[in-house]
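Colleague: Got a structure for you, questions after.
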Protein chains: 2
Amino acid sequence: MSDTIDAVGGVPLDRLAARVGQTPFFAYDRQLLTERIALLRATLPDEIELGYAVKANPMPAVVQHLAGLVDGLDVASAGEMLVALDTPIGADRISFAGPGKTDDELAQAVAAGVLVEIESGGEADRLVATGERLGLRPTAAIRVNPDFSVKGSGMRLGGGPQQFGVDSERVPALMDRLASAEIDLVGFHVFAGSQNLDAGILCEAQRRTVELVLELATHAPEPPRYLNVGGGFGIPYFDGDEPLDLGAIGDNLDDLVTNAIRPQLPDARVVVELGRYIVGECGVYVTRVVDRKESRDKTFLVVDGGLHHQLAASGNFGQVIRRNYPVAVAGPAAAERETVEVVGCLCTPLDLLADGATLPRADVGDLVVLFQAGAYGLTASPTGFLSHPPPVEVLV
Amino acid sequence: MSDTIDAVGGVPLDRLAARVGQTPFFAYDRQLLTERIALLRATLPDEIELGYAVKANPMPAVVQHLAGLVDGLDVASAGEMLVALDTPIGADRISFAGPGKTDDELAQAVAAGVLVEIESGGEADRLVATGERLGLRPTAAIRVNPDFSVKGSGMRLGGGPQQFGVDSERVPALMDRLASAEIDLVGFHVFAGSQNLDAGILCEAQRRTVELVLELATHAPEPPRYLNVGGGFGIPYFDGDEPLDLGAIGDNLDDLVTNAIRPQLPDARVVVELGRYIVGECGVYVTRVVDRKESRDKTFLVVDGGLHHQLAASGNFGQVIRRNYPVAVAGPAAAERETVEVVGCLCTPLDLLADGATLPRADVGDLVVLFQAGAYGLTASPTGFLSHPPPVEVLV
């Protein structure tokens with residue numbers, strides 16, 4: 001990743017900042033989003049449907065743009081569902097996952113006609129009751145907590161005891177119980193991890209996921225029509241991270257669809273659901289240097305943004321070891337290079353955006369940009385912290 | 001801390017939830033706030049002025065209540081400053097600290113007449129220029145980055161190279177430079193740490209702070225009138241944490257004021273600035289159980305709140321080791337006790353509020369309460385994460 005940046009979406013950064021009218025802001029690149037989906041389409045088998053996990057970036061303009069490119073949207077709250085329903089995507093291509101769905105949320109989902117991913121037996125009962133109350137037959141899939149977990153995953157969501165999904169060994173009994181209920185049970189969702197950069201591990205997870213759902217399918221009253229095999233594709237954040245080998249994943253999915261799924265379930269939709277992998281590298285967070293100061297043996301660039309907008313970049317969102325996200329100074333770059341601390345404007349030492357970064361010299365007024373800000377940036381940050389103004393988001 | 005709770009501010013919790021009209025919510029206890037200030041007044045010397053650091057909890061009703069009890073307010077942004085200015089406290093009793101103050105923020109502060117705590121030489125120059133532009137003489141203090149740091153502090157804000165304050169060895173030159181400028185330089189602010197539970201360490205920090213400011217005072221063109229000696233008083237969060245020995249701190253401050261400060265600076269205001277210590281234990285976060293599920297060998301209570309409202313309790317806000325905040329079930333308590341995982345409603349495994357907590361049995365619809373939620377709760381949390389509704393805050 002370069003330590004300078006000239007433009008986003010073809011617009012020079014200083015001009016973009018003037019157009020936005022303020023710093024800090026997030027800029028997402030429409031063309032990069034389109035290219036990312038094209039890459040996935042070109043690399044994954046034709047039969048794979050692409051779902052976008054809205055939680056990665058719920059900015060309405062981003063969701064609208066992606067809705068024209070993907071086959072479905074996955075939402076994790078009623079708020080995200082409303083954003084998804086505002087797109088041209090059909091409600092039957094929207095899935096709603098997440099533990100702790102309230103009765104109100106279930107009612108909204110059933111009324112909308114979206115597919116509800118059942119996270120527990122209790123939720124299944126509440127969903128059926130909601131449908132009876134509304135006089136509507138809910139569409140649902142069972143989210144399965146697998147009996148395996150994926151090693152090397154940045155975040156593990158499957159295996160062992162979990163708040164997510166129904167333990168795989170309990171799924172047959174749940175299907176039996178729901179067979180006589182007023183509910184259209186269309187299939188399964190298995191999600192075994194996230195932010196994984198190792199294609200071998202992801203392929204193994206997909207293989208085991210397919211084995212699991214095909215075994216569960218034998219217990220289903222009728223052949224499943226929906227198989228969401230999860231995602232978990234990672235993006236590089238840190239020095240030494242290698243991009244995911246997407247080709248290997250495409251080959252593996254091709255083999256699984258052709259040789260395992262289709263013989264048993266010729267008509268089922270097979271969905272890969274991705275969030276971070278689609279949007280993460282398509283956005284930047286743009287700040288302006290407010291102060292430049294020397295303190296003892298270090299040089300500090302104090303910018304007008306900070307962890308209240310991009311918490312993960314400060315290393316404080318669940319990370320054990322803090323490492324720098326890629327950072328750059330907006331061009332034209334000074335010839336002089338220097339090692340600096342880039343800190344935010346919050347009155348807390350946690351607000352460290354780059355520690356010992358070597359960058360072209362930047363002065364007060366210059367723009368400092370953090371990359372990999374397209375996913376889990378603004379919405380995953382404590383925007384109210386210290387009551388600073390919110391940033392703006394633009395899709396360029 | 002008990003594992004059951006009946007009421008907040010004398011209002012039974014189920015009635016309070018009905019009054020609020022929703023869960024989750026934060027409830028802050030007016031009487032506890034009053035008692036906390038009374039404890040500080042009774043224990044610290046009469047000559048110590050109490051400042052409230054608004055960033056700990058900027059809810060306007062809380063700030064209004066505290067404004068009637070403390071001697072001053074410290075703000076860390078223009079947003080906090082507006083909340084403080086809406087109270088009856090005089091602008092000259094409001095201080096504005098924090099790196100990265102923008103020109104606009106400086107102009108707001110100068111126009112308001114609040115005391116600006118200067119964080120760098122560059123900021124000092126911008127402050128003077130702002131005053132000239134507005135035709136107003138800014139009031140300012142120099143925030144000093146000490147040449148020592150306090151061991152055992154939860155968060156270190158002084159010593160070594162820092163974005164906070166002017167290195168102590170650079171302060172005399174800065175005062176010389178500002179002596180001829182149109183600015184009223186009233187004194188110093190030294191803040192050496194936060195969330196410290198060891199009175200011995202805090203006393204040592206106060207002693208060194210007073211030594212430092214008295215030494216710096218000898219370089220000042222006129223005797224300083226304002227000495228903000230910081231705070232850093234911690235509150236217990238975890239099993240085994242012992243409450244701070246406030247009496248020892250009071251004795252130490254009494255000695256410092258009487259024997260060190262007054263002989264040299266008979267008229268200076270001496271301010272102790274506290275945030276978390278004042279409000280942290282006066283608030284709870286109230287959630288409702290949405291789902292109760294068994295997964296393999298564990299029992300999960302899925303509540304309608306989560307890390308999007310109370311990030312620190314999930315252990316994901318800069319903490320290296322996750323430990324449970326105190327948690328309780330709202331009474332009347334069931335006789336049966338059990339060990340549970342309390343998880344939030346977010347679709348992420350990070351959303352863990354209590355790990356292996358032993359509590360009275362709770363079922364769907366019951367209220368689960370997290371203590372120590374008065375400081376750095378709502379505003380320090382990613383409220384937009386997964387687009388769930390915001391919580392409500394009430395002062396009871």
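Residue names in the structure tokens use chain letters A, B, ... in the order shown, residue numbers from 1 in each chain, and ligand numbers from 1 in the order shown.
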For stretch 341-353 of chain A, list every protein, DNA or RNA residue within 10 Å, evaluated using only C-alpha atoms, and leave out those in the same chain fewer than 6 positions away; present the list as number ranges by chain.
Modeller: A: 287-293, 298-316, 322-327, 368, 370, 385-388; B: 55, 75-77, 97-102, 155-158, 162-164, 193-194, 317-318
Colleague: Residues of stretch 9-163 of chain A classed as strand (DSSP E or B) by DSSP on the backbone are to be reported as a count of residues only.
Modeller: 31
Colleague: With a distance cut-off of 6 Å and only C-alpha atoms, select the neighbouring residues of B:Ala56, excluding the residue or stretch itself and same-chain residues fewer than 5 positions from it, and output the selection as a list in words.
Modeller: Gly275, Arg276, Ala375 and Tyr376 of chain B
Colleague: Restricted to all heavy atoms, what would the selected residues look like written as a PDB file, in the first residue's frame?
Modeller:
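Result saved to out.pdb:
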```pdb
ATOM      1  N   GLY B 275     -13.897  12.674  36.456  1.00  0.00           N
ATOM      2  CA  GLY B 275     -15.020  12.287  35.604  1.00  0.00           C
ATOM      3  C   GLY B 275     -15.588  10.961  36.074  1.00  0.00           C
ATOM      4  O   GLY B 275     -16.587  10.892  36.782  1.00  0.00           O
ATOM      5  N   ARG B 276     -14.865   9.902  35.720  1.00  0.00           N
ATOM      6  CA  ARG B 276     -15.314   8.558  36.061  1.00  0.00           C
ATOM      7  C   ARG B 276     -15.601   8.405  37.554  1.00  0.00           C
ATOM      8  O   ARG B 276     -16.574   7.756  37.939  1.00  0.00           O
ATOM      9  CB  ARG B 276     -14.217   7.569  35.647  1.00  0.00           C
ATOM     10  CG  ARG B 276     -14.598   6.122  35.744  1.00  0.00           C
ATOM     11  CD  ARG B 276     -13.352   5.221  35.607  1.00  0.00           C
ATOM     12  NE  ARG B 276     -12.536   5.533  34.452  1.00  0.00           N
ATOM     13  CZ  ARG B 276     -12.632   4.902  33.278  1.00  0.00           C
ATOM     14  NH1 ARG B 276     -13.500   3.936  33.123  1.00  0.00           N
ATOM     15  NH2 ARG B 276     -11.852   5.236  32.277  1.00  0.00           N
ATOM     16  N   ALA B 375     -20.130   5.998  33.551  1.00  0.00           N
ATOM     17  CA  ALA B 375     -19.074   6.733  32.852  1.00  0.00           C
ATOM     18  C   ALA B 375     -18.593   5.948  31.633  1.00  0.00           C
ATOM     19  O   ALA B 375     -18.440   4.727  31.699  1.00  0.00           O
ATOM     20  CB  ALA B 375     -17.882   6.962  33.788  1.00  0.00           C
ATOM     21  N   TYR B 376     -18.348   6.670  30.550  1.00  0.00           N
ATOM     22  CA  TYR B 376     -17.797   6.045  29.344  1.00  0.00           C
ATOM     23  C   TYR B 376     -18.621   4.826  28.935  1.00  0.00           C
ATOM     24  O   TYR B 376     -18.084   3.789  28.573  1.00  0.00           O
ATOM     25  CB  TYR B 376     -16.320   5.681  29.548  1.00  0.00           C
ATOM     26  CG  TYR B 376     -15.484   6.891  29.917  1.00  0.00           C
ATOM     27  CD1 TYR B 376     -14.923   7.031  31.180  1.00  0.00           C
ATOM     28  CD2 TYR B 376     -15.307   7.928  29.010  1.00  0.00           C
ATOM     29  CE1 TYR B 376     -14.183   8.155  31.523  1.00  0.00           C
ATOM     30  CE2 TYR B 376     -14.577   9.060  29.341  1.00  0.00           C
ATOM     31  CZ  TYR B 376     -14.015   9.164  30.602  1.00  0.00           C
ATOM     32  OH  TYR B 376     -13.284  10.276  30.939  1.00  0.00           O
TER      33      TYR B 376
END
```
Colleague: Considering only C-alpha atoms, can you say which of B:Asp3, B:Glu215, B:Glu47, B:Glu80 comes closest to chain A?
Modeller: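 Between B:Asp3, B:Glu215, B:Glu47, B:Glu80, the residue approaching chain A most closely is B:Glu80.
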Colleague: Leaving out B:Gly231 and any residue of its chain fewer than 2 positions from it, which residues lie within 10 Å of it when counting only C-alpha atoms, given as a list in words?
Modeller: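 So, after excluding close chain neighbours, the residues are Leu50, Gly51, Tyr52, Ala53, Val190, Phe191, Ala192, Gly193, Ser194, Gln195, Asn196, Leu202, Ala205, Gln206, Asn228, Val229, Phe233, Gly234, Val271, Val272, Glu273, Leu274, Gly275, Arg276 and Tyr277 of chain B.
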Colleague: Could you check which of B:Asp267, B:Glu281, B:Glu222, B:Glu105 is closest to chain A, using only C-alpha atoms?
Modeller: B:Glu105
Colleague: Near B:Gly247, within 9 Å and counting only C-alpha atoms, which residues show up once chain neighbours fewer than 6 positions away are dropped, as a list in words?
Modeller: Thr43, Leu44 and Ala199 of chain B
